[in-house]
Amino acid sequence: MYCTVHPPNPNMRMQGHRASKGVSFVNLVQQLVFLPAVVLSSVGASASITVRASSSSSEAAAVRMSQSEPPPPPPMAKKVEHKMEMFGDVRVDNYYWLRDDSRSNPDVLSYLQQENAYTQFLMSGTKKFEDELYAEIRGRIKEDDISAPERKGPYYYYRRTLKGKEYVQRCRRLIPNFQAEAPPSVYDTMPTGPDAPPEHVILDENIKAQHHDYYSIAAFKVSPNNKLVAYAEDTKGNEIYTIHVIDAETGAPVGLPLVDATSYLQWAGDEALVYITMDETLRPDKAWLHKLGTEQSSDSCLYHEKDDVFSLDLQTSESKKFLFVGSESKITRFNFYLDIAKLEDGLVVLTPRVNGIDTFVSHRGNHFFIRRRSDKCFNSEVIACPLENTSETTVLLPHRESVKIQDIQLFSEHLVVYEREEGLPKVTIYHLPDVGQPLKSLHSGQAVNFLDPTYSVDRSESEFSSRILRFSYSSMKTPPSVYDYDMKTGISVLKKIETVLGGFEASNYVTERKWASAPDGTQIPISIVYRKDLIKLDGSDPLLLYGYGSYEVCIDPSFKASRLSLLDHGFIYAIAHIRGGGEMGRQWYENGKLLKKKNTFTDFIACAEYLIEKKYCSKARLCIDGRSAGGLLIGAVLNMRPDLFKAAVAGVPFVDVLTTMLDPTIPLTTSEWEEWGDPRKEEFYFYMKSYSPVDNVKVQNYPNILVTAGLNDPRVMYSEPAKFVAKLRDMKTDKNIVMFKCEFGAGHSSKSGRFEKLQEDAFIYTFIMKALEMVPAQGSGLN
């Protein structure tokens with residue numbers, strides 16, 4: 001629900017400017033703090049505001065504000081007492097009224113507009129700097145480029161970006177003289193030039209996005225015969241998708257769209273689709289079979305998951321012979337299979353529902369392969385079972401306490417295992433016996449070697465029948481690099497590396513891995529990157545520390561081109577790999593959830609104190625950042641140790657933990673009880689209350705804070721960060737800035753365009769530098 005798959009936001013510092021004579025947050029606040037508070041008790045005059053007009057109205061308000069003297073005080077939300085009582089405990093939420101599920105209440109919209117206008121006013125003095133910074137960030141991007149082409153049957157498929165365009169084109173090109181029986185090679189390349197087969201644009205997202213403020217395609221699936229494409233489209237950011245089917249050559253629609261779906265979508269042969277829909281709380285609960293040419297109303301429901309703690313997902317086997325419908329909670333997962341050659345048989349149970357047993361499944365030959373986790377085998381094992389007798393299992397890779405099996409990928413002759421050891425990803429390849437031969441325990445796997453001390457590895461789609469493994473590699477100083485790896489010879493060929501313009505040289509940067517001691521003695525890994533010719537390591541350097549720490553998500557140290565605008569201006573960037581994430585294995589996650597959740601926060605504080613102690617920074621130069629569940633982290637540590645940080649960014653933060661988790665009508669709440677706890681039980685109620693950021697705002701000093709939200713966000717309702725900001729404004733005793741920015745045309749992932757996302761980075765970096773008084777007085781001076 002509150003998980004985010006987006007990479008961490010970075011940090012920045014002006015090259016050659018250590019302190020500054022520039023624009024000061026403190027000076028600006030001193031102008032504002034003595035003005036009377038504005039209480040928004042009546043906003044009837046703003047009732048005509050519409051969501052679509054939000055951007056322009058905020059800009060107009062900001063212009064009026066910037067021309068006025070003296071500057072206005074921050075918006076102060078009206079207080080409307082709302083009492084909530086449980087277990088004899090009474091909580092008063094004066095800002096409960098900010099929740100409007102319809103997103104149409106004029107009072108609420110007006111308040112959000114005024115917050116946006118206030119934020120725009122505060123940043124108006126550094127707008128020139130922000131624009132120059134954005135130009136610098138964008139200048140590193142090769143705007144006209146293509147992705148590494150993927151072979152699928154007789155075609156190469158790839159994505160193309162065009163200069164000045166926000167979105168991608170989805171393209172393909174025929175493979176010359178294609179022979180199905182000819183095995184692919186790591187040396188194969190897609191031909192280009194006048195003699196090459198012509199490029200065909202299947203779908204241009206720029207055209208599709210023209211009439212939408214937000215546009216995202218989350219699934220793009222080509223039919224097995226390469227004649228049709230099915231894709232899932234979101235035009236609001238609310239993650240409710242419409243599925244379209246088009247002719248791959250002409251782009252003509254095939255049948256009517258399927259509405260109100262998730263992005264889980266797979267082909268079941270060339271003439272049918274399987275997809276998943278949601279209930280009223282946006283929980284994926286039904287799997288459907290749709291036959292092309294029929295009405296959606298006639299689709300057959302393959303399975304309905306009625307337990308509101310469980311959600312469905314959908315995968316296809318690498319062999320393309322089976323589809324798998326999985327139903328999972330946070331601790332249990334069971335699976336059905338659908339034989340694509342026998343659709344009339346419907347779903348068949350593959351792994352039964354057993355509380356605490358978590359299984360992921362795939363297929364090769366006459367066996368299903370299963371990654372299975374249990375309390376005993378907490379880091380998972382790999383087993384196999386015959387298709388005709390799924391209860392007869394063979395352990396291929398046993399459980400190991402020091403190595404977590406994270407994922408498996410099957411080929412006709414190989415098994416690829418994605419593992420984690422000591423917090424670092426590993427890729428190990430095992431040769432499999434011929435189909436029909438007995439499967440036994442696997443030994444002597446072949447490891448793929450990586451060079452950087454900290455790095456990220458992601459699996460890519462590969463051809464099942466080949467011996468070529470494709471994966472993506474990056475580190476905080478190595479741009480994303482796509483490799484083809486020959487699993488028989490061990491030869492690895494770089495197929496594509498992200499182009500970084502602007503004179504980027506990886507050798508100018510240093511990546512490090514350090515360990516901080518948590519209060520209970522646990523060693524917490526920290527990934528660090530900086531530009532070696534700019535950093536003094538004497539405590540005077542600015543540093544941005546990122547954290548997440550939930551859902552067993554691993555925040556691996558990957559590359560982000562816009563982050564260079566922090567590093568090249570003298571920042572150190574660090575990631576705290578705290579408990580609650582999955583970096584160090586399943587127990588790492590278990591020790592940062594439920595009644596151990598506070599370990600996540602104290603781990604982060606320990607990492608901050610380590611970086612200060614080792615003179616990577618000082619309290620006066622330390623900034624922090626986190627999104628979604630990472631925003632909960634930021635909110636919690638701000639309440640616990642506000643003295644430790646100079647500035648904080650909380651992106652779409654899950655900060656009203658207790659109130660949200662007590663309300664099963666809020667999207668996805670029920671499935672989160674195994675992550676945070678069920679506060680309808682007294683022990684969890686009081687534990688969650690003890691750290692929930694909104695419930696723990698205190699009368700104390702806070703650092704400078706930027707909070708963001710998306711009006712259409714289905715994972716963290718915009719009202720949570722809105723309430724947090726309102727309460728901070730009411731209770732804090734300092735003169736620092738609290739800014740709130742709500743995107744009216746976006747959801748959990750903010751804006752959808754690639755340049756729009758860069759603008760958001762520039763805005764955040766400018767806020768951080770402004771908080772550190774590093775912005776030149778005229779807002780210029782970027783090199």
# chains A, B, ... in the order shown; residues from 1 in each chain; ligands from 1

$ residues_around --residues "stretch 215-227 of chain A" --least-positions-apart "2" --cutoff "6 Å" --atoms "only C-alpha atoms" --output "VMD selection string"
chain A and resid 209 229 to 235 248 263 270 752

$ residues_around --residues "A:Trp676" --least-positions-apart "3" --cutoff "7 Å" --atoms "only C-alpha atoms" --output "PyMOL selection string"
chain A and resi 593-594+672-673

$ residues_around --residues "stretch 533-540 of chain A" --least-positions-apart "2" --cutoff "12 Å" --atoms "only C-alpha atoms" --output "ChimeraX atom specification"
/A:12-19,507-510,529-531,542-543,566-573,609-622,772

$ select_by_dssp --residues "stretch 499-717 of chain A" --states "strand (DSSP E)" --output "JSON list (two decimals) with C-alpha atoms, in the first residue's frame"
[["chain", "number", "residue", "atom", "x", "y", "z"],
["A", 509, "TYR", "CA", 33.46, 9.54, -8.05],
["A", 510, "VAL", "CA", 34.03, 7.25, -5.10],
["A", 511, "THR", "CA", 31.59, 4.69, -3.71],
["A", 512, "GLU", "CA", 32.01, 3.28, -0.23],
["A", 513, "ARG", "CA", 30.30, 0.84, 2.10],
["A", 514, "LYS", "CA", 30.34, 1.54, 5.81],
["A", 515, "TRP", "CA", 28.61, 0.07, 8.87],
["A", 516, "ALA", "CA", 26.89, 1.91, 11.72],
["A", 517, "SER", "CA", 26.09, 0.36, 15.10],
["A", 523, "GLN", "CA", 25.54, -3.42, 12.21],
["A", 524, "ILE", "CA", 23.67, -1.32, 9.65],
["A", 525, "PRO", "CA", 25.20, -1.01, 6.15],
["A", 526, "ILE", "CA", 25.46, 2.41, 4.53],
["A", 527, "SER", "CA", 26.17, 3.01, 0.84],
["A", 528, "ILE", "CA", 28.01, 6.27, 0.11],
["A", 529, "VAL", "CA", 29.01, 8.16, -3.02],
["A", 530, "TYR", "CA", 30.75, 11.49, -3.56],
["A", 531, "ARG", "CA", 32.96, 13.32, -5.99],
["A", 543, "LEU", "CA", 25.17, 15.28, 2.98],
["A", 544, "LEU", "CA", 21.79, 13.86, 1.95],
["A", 545, "LEU", "CA", 20.83, 10.62, 3.68],
["A", 546, "TYR", "CA", 18.07, 8.49, 2.13],
["A", 547, "GLY", "CA", 16.09, 5.74, 3.85],
["A", 572, "ILE", "CA", 27.80, 13.43, -0.25],
["A", 573, "TYR", "CA", 24.90, 11.06, -0.88],
["A", 574, "ALA", "CA", 24.21, 8.06, 1.34],
["A", 575, "ILE", "CA", 21.63, 5.30, 1.68],
["A", 576, "ALA", "CA", 20.92, 3.78, 5.09],
["A", 622, "LEU", "CA", 22.84, 16.90, 7.25],
["A", 623, "CYS", "CA", 19.63, 16.57, 5.20],
["A", 624, "ILE", "CA", 17.35, 13.54, 4.98],
["A", 625, "ASP", "CA", 14.91, 12.17, 2.42],
["A", 626, "GLY", "CA", 12.35, 9.38, 2.16],
["A", 627, "ARG", "CA", 9.20, 8.60, 0.16],
["A", 647, "ALA", "CA", 16.41, 19.85, 6.38],
["A", 648, "ALA", "CA", 14.07, 17.00, 5.53],
["A", 649, "VAL", "CA", 12.08, 15.91, 2.47],
["A", 650, "ALA", "CA", 9.08, 13.66, 3.08],
["A", 651, "GLY", "CA", 7.61, 12.52, -0.23],
["A", 704, "ASN", "CA", 13.25, 22.94, 7.46],
["A", 705, "ILE", "CA", 10.76, 20.49, 5.97],
["A", 706, "LEU", "CA", 9.33, 19.89, 2.48],
["A", 707, "VAL", "CA", 6.31, 17.57, 2.25],
["A", 708, "THR", "CA", 4.76, 16.42, -1.04],
["A", 709, "ALA", "CA", 1.51, 14.67, -1.97],
["A", 710, "GLY", "CA", -0.53, 13.59, -4.99]]

$ atom_distance --atom1 "atom CA of A:Thr316" --atom2 "atom CA of A:Gly580"
29.0 Å

$ residues_around --residues "A:Val354" --least-positions-apart "2" --cutoff "9 Å" --atoms "only C-alpha atoms" --output "ChimeraX atom specification"
/A:332-334,351-352,356-358

$ residues_around --residues "stretch 323-327 of chain A" --least-positions-apart "3" --cutoff "10 Å" --atoms "only C-alpha atoms" --output "VMD selection string"
chain A and resid 264 266 to 268 274 to 276 284 to 287 302 to 305 307 309 to 320 332 to 340 347 to 351 353 358 to 363

$ select_by_dssp --residues "stretch 627-687 of chain A" --states "alpha helix (DSSP H)" --output "mmCIF file with C-alpha atoms, in the first residue's frame"
data_model
loop_
_atom_site.group_PDB
_atom_site.id
_atom_site.type_symbol
_atom_site.label_atom_id
_atom_site.label_comp_id
_atom_site.auth_asym_id
_atom_site.auth_seq_id
_atom_site.Cartn_x
_atom_site.Cartn_y
_atom_site.Cartn_z
ATOM 1 C CA ALA A 629 6.836 4.311 3.812
ATOM 2 C CA GLY A 630 10.178 6.097 3.749
ATOM 3 C CA GLY A 631 8.178 9.265 4.436
ATOM 4 C CA LEU A 632 6.909 7.570 7.594
ATOM 5 C CA LEU A 633 10.562 7.058 8.505
ATOM 6 C CA ILE A 634 11.291 10.754 7.954
ATOM 7 C CA GLY A 635 8.262 11.833 9.994
ATOM 8 C CA ALA A 636 9.165 9.506 12.868
ATOM 9 C CA VAL A 637 12.822 10.542 13.130
ATOM 10 C CA LEU A 638 11.876 14.225 12.883
ATOM 11 C CA ASN A 639 9.738 13.795 15.976
ATOM 12 C CA MET A 640 12.392 11.727 17.743
ATOM 13 C CA VAL A 657 -0.429 5.451 10.629
ATOM 14 C CA LEU A 658 -2.864 4.763 13.442
ATOM 15 C CA THR A 659 -5.939 6.466 11.991
ATOM 16 C CA THR A 660 -5.394 4.893 8.572
ATOM 17 C CA MET A 661 -4.778 1.391 9.876
ATOM 18 C CA TRP A 673 -2.170 -5.398 9.040
ATOM 19 C CA GLU A 674 0.570 -8.029 8.699
ATOM 20 C CA GLU A 675 3.110 -5.266 8.012
ATOM 21 C CA TRP A 676 2.294 -2.684 10.674
ATOM 22 C CA GLU A 682 -4.584 -3.119 22.150
ATOM 23 C CA GLU A 683 -0.891 -4.009 22.011
ATOM 24 C CA PHE A 684 -0.587 -2.834 18.414
ATOM 25 C CA TYR A 685 -2.764 0.218 19.000
ATOM 26 C CA PHE A 686 -0.495 1.727 21.633
ATOM 27 C CA TYR A 687 2.727 0.672 19.909
#

$ atom_distance --atom1 "atom CA of A:Ala384" --atom2 "atom CA of A:His367"
6.3 Å

$ atom_distance --atom1 "atom CA of A:Arg151" --atom2 "atom CA of A:Thr192"
15.0 Å

$ residues_around --residues "A:Asn366" --least-positions-apart "5" --cutoff "8 Å" --atoms "only C-alpha atoms" --output "PyMOL selection string"
chain A and resi 386-387+435-436

$ closest_residue --among "A:Leu711, A:Ala771, A:Val186, A:Met123" --to "A:Glu463" --atoms "only C-alpha atoms"
A:Val186

$ decode --residues "stretch 305-339 of chain A" --atoms "N, CA, C and O atoms" --output "mmCIF file, in the first residue's frame"
data_model
loop_
_atom_site.group_PDB
_atom_site.id
_atom_site.type_symbol
_atom_site.label_atom_id
_atom_site.label_comp_id
_atom_site.auth_asym_id
_atom_site.auth_seq_id
_atom_site.Cartn_x
_atom_site.Cartn_y
_atom_site.Cartn_z
ATOM 1 N N GLU A 305 -10.811 -13.869 -4.660
ATOM 2 C CA GLU A 305 -10.201 -13.924 -3.328
ATOM 3 C C GLU A 305 -11.046 -13.071 -2.385
ATOM 4 O O GLU A 305 -11.059 -11.847 -2.501
ATOM 5 N N LYS A 306 -11.738 -13.720 -1.461
ATOM 6 C CA LYS A 306 -12.662 -13.023 -0.580
ATOM 7 C C LYS A 306 -12.023 -12.580 0.736
ATOM 8 O O LYS A 306 -12.579 -11.730 1.433
ATOM 9 N N ASP A 307 -10.873 -13.131 1.074
ATOM 10 C CA ASP A 307 -10.187 -12.744 2.315
ATOM 11 C C ASP A 307 -9.516 -11.396 2.086
ATOM 12 O O ASP A 307 -8.610 -11.268 1.252
ATOM 13 N N ASP A 308 -9.937 -10.368 2.840
ATOM 14 C CA ASP A 308 -9.447 -9.021 2.558
ATOM 15 C C ASP A 308 -8.021 -8.763 3.031
ATOM 16 O O ASP A 308 -7.502 -7.658 2.874
ATOM 17 N N VAL A 309 -7.369 -9.767 3.584
ATOM 18 C CA VAL A 309 -5.945 -9.654 3.910
ATOM 19 C C VAL A 309 -5.090 -10.080 2.717
ATOM 20 O O VAL A 309 -3.910 -9.773 2.641
ATOM 21 N N PHE A 310 -5.697 -10.753 1.743
ATOM 22 C CA PHE A 310 -4.973 -11.293 0.592
ATOM 23 C C PHE A 310 -5.281 -10.486 -0.671
ATOM 24 O O PHE A 310 -6.382 -9.956 -0.830
ATOM 25 N N SER A 311 -4.295 -10.428 -1.567
ATOM 26 C CA SER A 311 -4.434 -9.755 -2.858
ATOM 27 C C SER A 311 -3.884 -10.670 -3.954
ATOM 28 O O SER A 311 -2.953 -11.452 -3.716
ATOM 29 N N LEU A 312 -4.438 -10.533 -5.155
ATOM 30 C CA LEU A 312 -4.018 -11.367 -6.272
ATOM 31 C C LEU A 312 -2.946 -10.691 -7.121
ATOM 32 O O LEU A 312 -2.886 -9.471 -7.221
ATOM 33 N N ASP A 313 -2.121 -11.517 -7.740
ATOM 34 C CA ASP A 313 -1.263 -11.041 -8.817
ATOM 35 C C ASP A 313 -1.211 -12.105 -9.895
ATOM 36 O O ASP A 313 -1.812 -13.175 -9.774
ATOM 37 N N LEU A 314 -0.492 -11.808 -10.960
ATOM 38 C CA LEU A 314 -0.525 -12.653 -12.160
ATOM 39 C C LEU A 314 0.847 -12.668 -12.803
ATOM 40 O O LEU A 314 1.472 -11.619 -12.991
ATOM 41 N N GLN A 315 1.325 -13.872 -13.132
ATOM 42 C CA GLN A 315 2.613 -14.022 -13.807
ATOM 43 C C GLN A 315 2.485 -15.069 -14.903
ATOM 44 O O GLN A 315 1.557 -15.889 -14.895
ATOM 45 N N THR A 316 3.446 -15.036 -15.816
ATOM 46 C CA THR A 316 3.527 -16.082 -16.825
ATOM 47 C C THR A 316 4.841 -16.815 -16.666
ATOM 48 O O THR A 316 5.846 -16.240 -16.215
ATOM 49 N N SER A 317 4.845 -18.098 -16.983
ATOM 50 C CA SER A 317 6.098 -18.856 -16.906
ATOM 51 C C SER A 317 7.022 -18.422 -18.032
ATOM 52 O O SER A 317 6.580 -17.991 -19.103
ATOM 53 N N GLU A 318 8.325 -18.558 -17.785
ATOM 54 C CA GLU A 318 9.282 -18.200 -18.836
ATOM 55 C C GLU A 318 9.065 -19.052 -20.084
ATOM 56 O O GLU A 318 9.345 -18.633 -21.205
ATOM 57 N N SER A 319 8.533 -20.260 -19.891
ATOM 58 C CA SER A 319 8.278 -21.154 -21.018
ATOM 59 C C SER A 319 7.058 -20.738 -21.832
ATOM 60 O O SER A 319 6.836 -21.242 -22.931
ATOM 61 N N LYS A 320 6.245 -19.802 -21.264
ATOM 62 C CA LYS A 320 5.006 -19.302 -21.891
ATOM 63 C C LYS A 320 3.929 -20.384 -22.010
ATOM 64 O O LYS A 320 2.968 -20.220 -22.760
ATOM 65 N N LYS A 321 4.061 -21.482 -21.270
ATOM 66 C CA LYS A 321 3.074 -22.550 -21.329
ATOM 67 C C LYS A 321 2.031 -22.461 -20.216
ATOM 68 O O LYS A 321 0.964 -23.062 -20.311
ATOM 69 N N PHE A 322 2.339 -21.731 -19.151
ATOM 70 C CA PHE A 322 1.434 -21.630 -18.016
ATOM 71 C C PHE A 322 1.313 -20.185 -17.556
ATOM 72 O O PHE A 322 2.281 -19.411 -17.655
ATOM 73 N N LEU A 323 0.127 -19.847 -17.041
ATOM 74 C CA LEU A 323 -0.060 -18.620 -16.281
ATOM 75 C C LEU A 323 -0.240 -19.003 -14.818
ATOM 76 O O LEU A 323 -0.814 -20.059 -14.512
ATOM 77 N N PHE A 324 0.226 -18.126 -13.925
ATOM 78 C CA PHE A 324 0.124 -18.384 -12.493
ATOM 79 C C PHE A 324 -0.617 -17.235 -11.825
ATOM 80 O O PHE A 324 -0.214 -16.074 -11.950
ATOM 81 N N VAL A 325 -1.694 -17.552 -11.135
ATOM 82 C CA VAL A 325 -2.402 -16.582 -10.311
ATOM 83 C C VAL A 325 -1.978 -16.830 -8.875
ATOM 84 O O VAL A 325 -2.163 -17.939 -8.347
ATOM 85 N N GLY A 326 -1.373 -15.818 -8.263
ATOM 86 C CA GLY A 326 -0.940 -15.931 -6.879
ATOM 87 C C GLY A 326 -1.824 -15.102 -5.972
ATOM 88 O O GLY A 326 -2.269 -14.008 -6.346
ATOM 89 N N SER A 327 -2.098 -15.610 -4.779
ATOM 90 C CA SER A 327 -2.831 -14.857 -3.760
ATOM 91 C C SER A 327 -1.922 -14.746 -2.550
ATOM 92 O O SER A 327 -1.441 -15.757 -2.027
ATOM 93 N N GLU A 328 -1.676 -13.512 -2.126
ATOM 94 C CA GLU A 328 -0.680 -13.336 -1.085
ATOM 95 C C GLU A 328 -1.090 -12.312 -0.040
ATOM 96 O O GLU A 328 -1.791 -11.343 -0.318
ATOM 97 N N SER A 329 -0.646 -12.570 1.177
ATOM 98 C CA SER A 329 -0.632 -11.595 2.248
ATOM 99 C C SER A 329 0.842 -11.257 2.476
ATOM 100 O O SER A 329 1.700 -11.599 1.667
ATOM 101 N N LYS A 330 1.149 -10.614 3.591
ATOM 102 C CA LYS A 330 2.545 -10.272 3.847
ATOM 103 C C LYS A 330 3.369 -11.472 4.309
ATOM 104 O O LYS A 330 4.591 -11.436 4.279
ATOM 105 N N ILE A 331 2.708 -12.573 4.724
ATOM 106 C CA ILE A 331 3.452 -13.725 5.228
ATOM 107 C C ILE A 331 3.085 -15.023 4.529
ATOM 108 O O ILE A 331 3.748 -16.038 4.731
ATOM 109 N N THR A 332 2.059 -15.014 3.699
ATOM 110 C CA THR A 332 1.572 -16.240 3.071
ATOM 111 C C THR A 332 1.307 -15.987 1.596
ATOM 112 O O THR A 332 0.804 -14.929 1.222
ATOM 113 N N ARG A 333 1.645 -16.974 0.773
ATOM 114 C CA ARG A 333 1.328 -16.884 -0.656
ATOM 115 C C ARG A 333 1.056 -18.284 -1.192
ATOM 116 O O ARG A 333 1.838 -19.212 -0.940
ATOM 117 N N PHE A 334 -0.035 -18.437 -1.921
ATOM 118 C CA PHE A 334 -0.338 -19.706 -2.572
ATOM 119 C C PHE A 334 -0.669 -19.429 -4.031
ATOM 120 O O PHE A 334 -0.958 -18.287 -4.408
ATOM 121 N N ASN A 335 -0.614 -20.480 -4.871
ATOM 122 C CA ASN A 335 -0.651 -20.284 -6.317
ATOM 123 C C ASN A 335 -1.535 -21.294 -7.028
ATOM 124 O O ASN A 335 -1.631 -22.467 -6.640
ATOM 125 N N PHE A 336 -2.160 -20.812 -8.116
ATOM 126 C CA PHE A 336 -2.882 -21.646 -9.064
ATOM 127 C C PHE A 336 -2.148 -21.583 -10.400
ATOM 128 O O PHE A 336 -1.468 -20.601 -10.695
ATOM 129 N N TYR A 337 -2.330 -22.632 -11.211
ATOM 130 C CA TYR A 337 -1.794 -22.557 -12.570
ATOM 131 C C TYR A 337 -2.916 -22.709 -13.580
ATOM 132 O O TYR A 337 -3.944 -23.352 -13.338
ATOM 133 N N LEU A 338 -2.715 -22.091 -14.743
ATOM 134 C CA LEU A 338 -3.633 -22.192 -15.870
ATOM 135 C C LEU A 338 -2.830 -22.695 -17.062
ATOM 136 O O LEU A 338 -1.888 -22.025 -17.509
ATOM 137 N N ASP A 339 -3.156 -23.878 -17.531
ATOM 138 C CA ASP A 339 -2.491 -24.454 -18.702
ATOM 139 C C ASP A 339 -3.045 -23.742 -19.941
ATOM 140 O O ASP A 339 -4.231 -23.843 -20.255
#
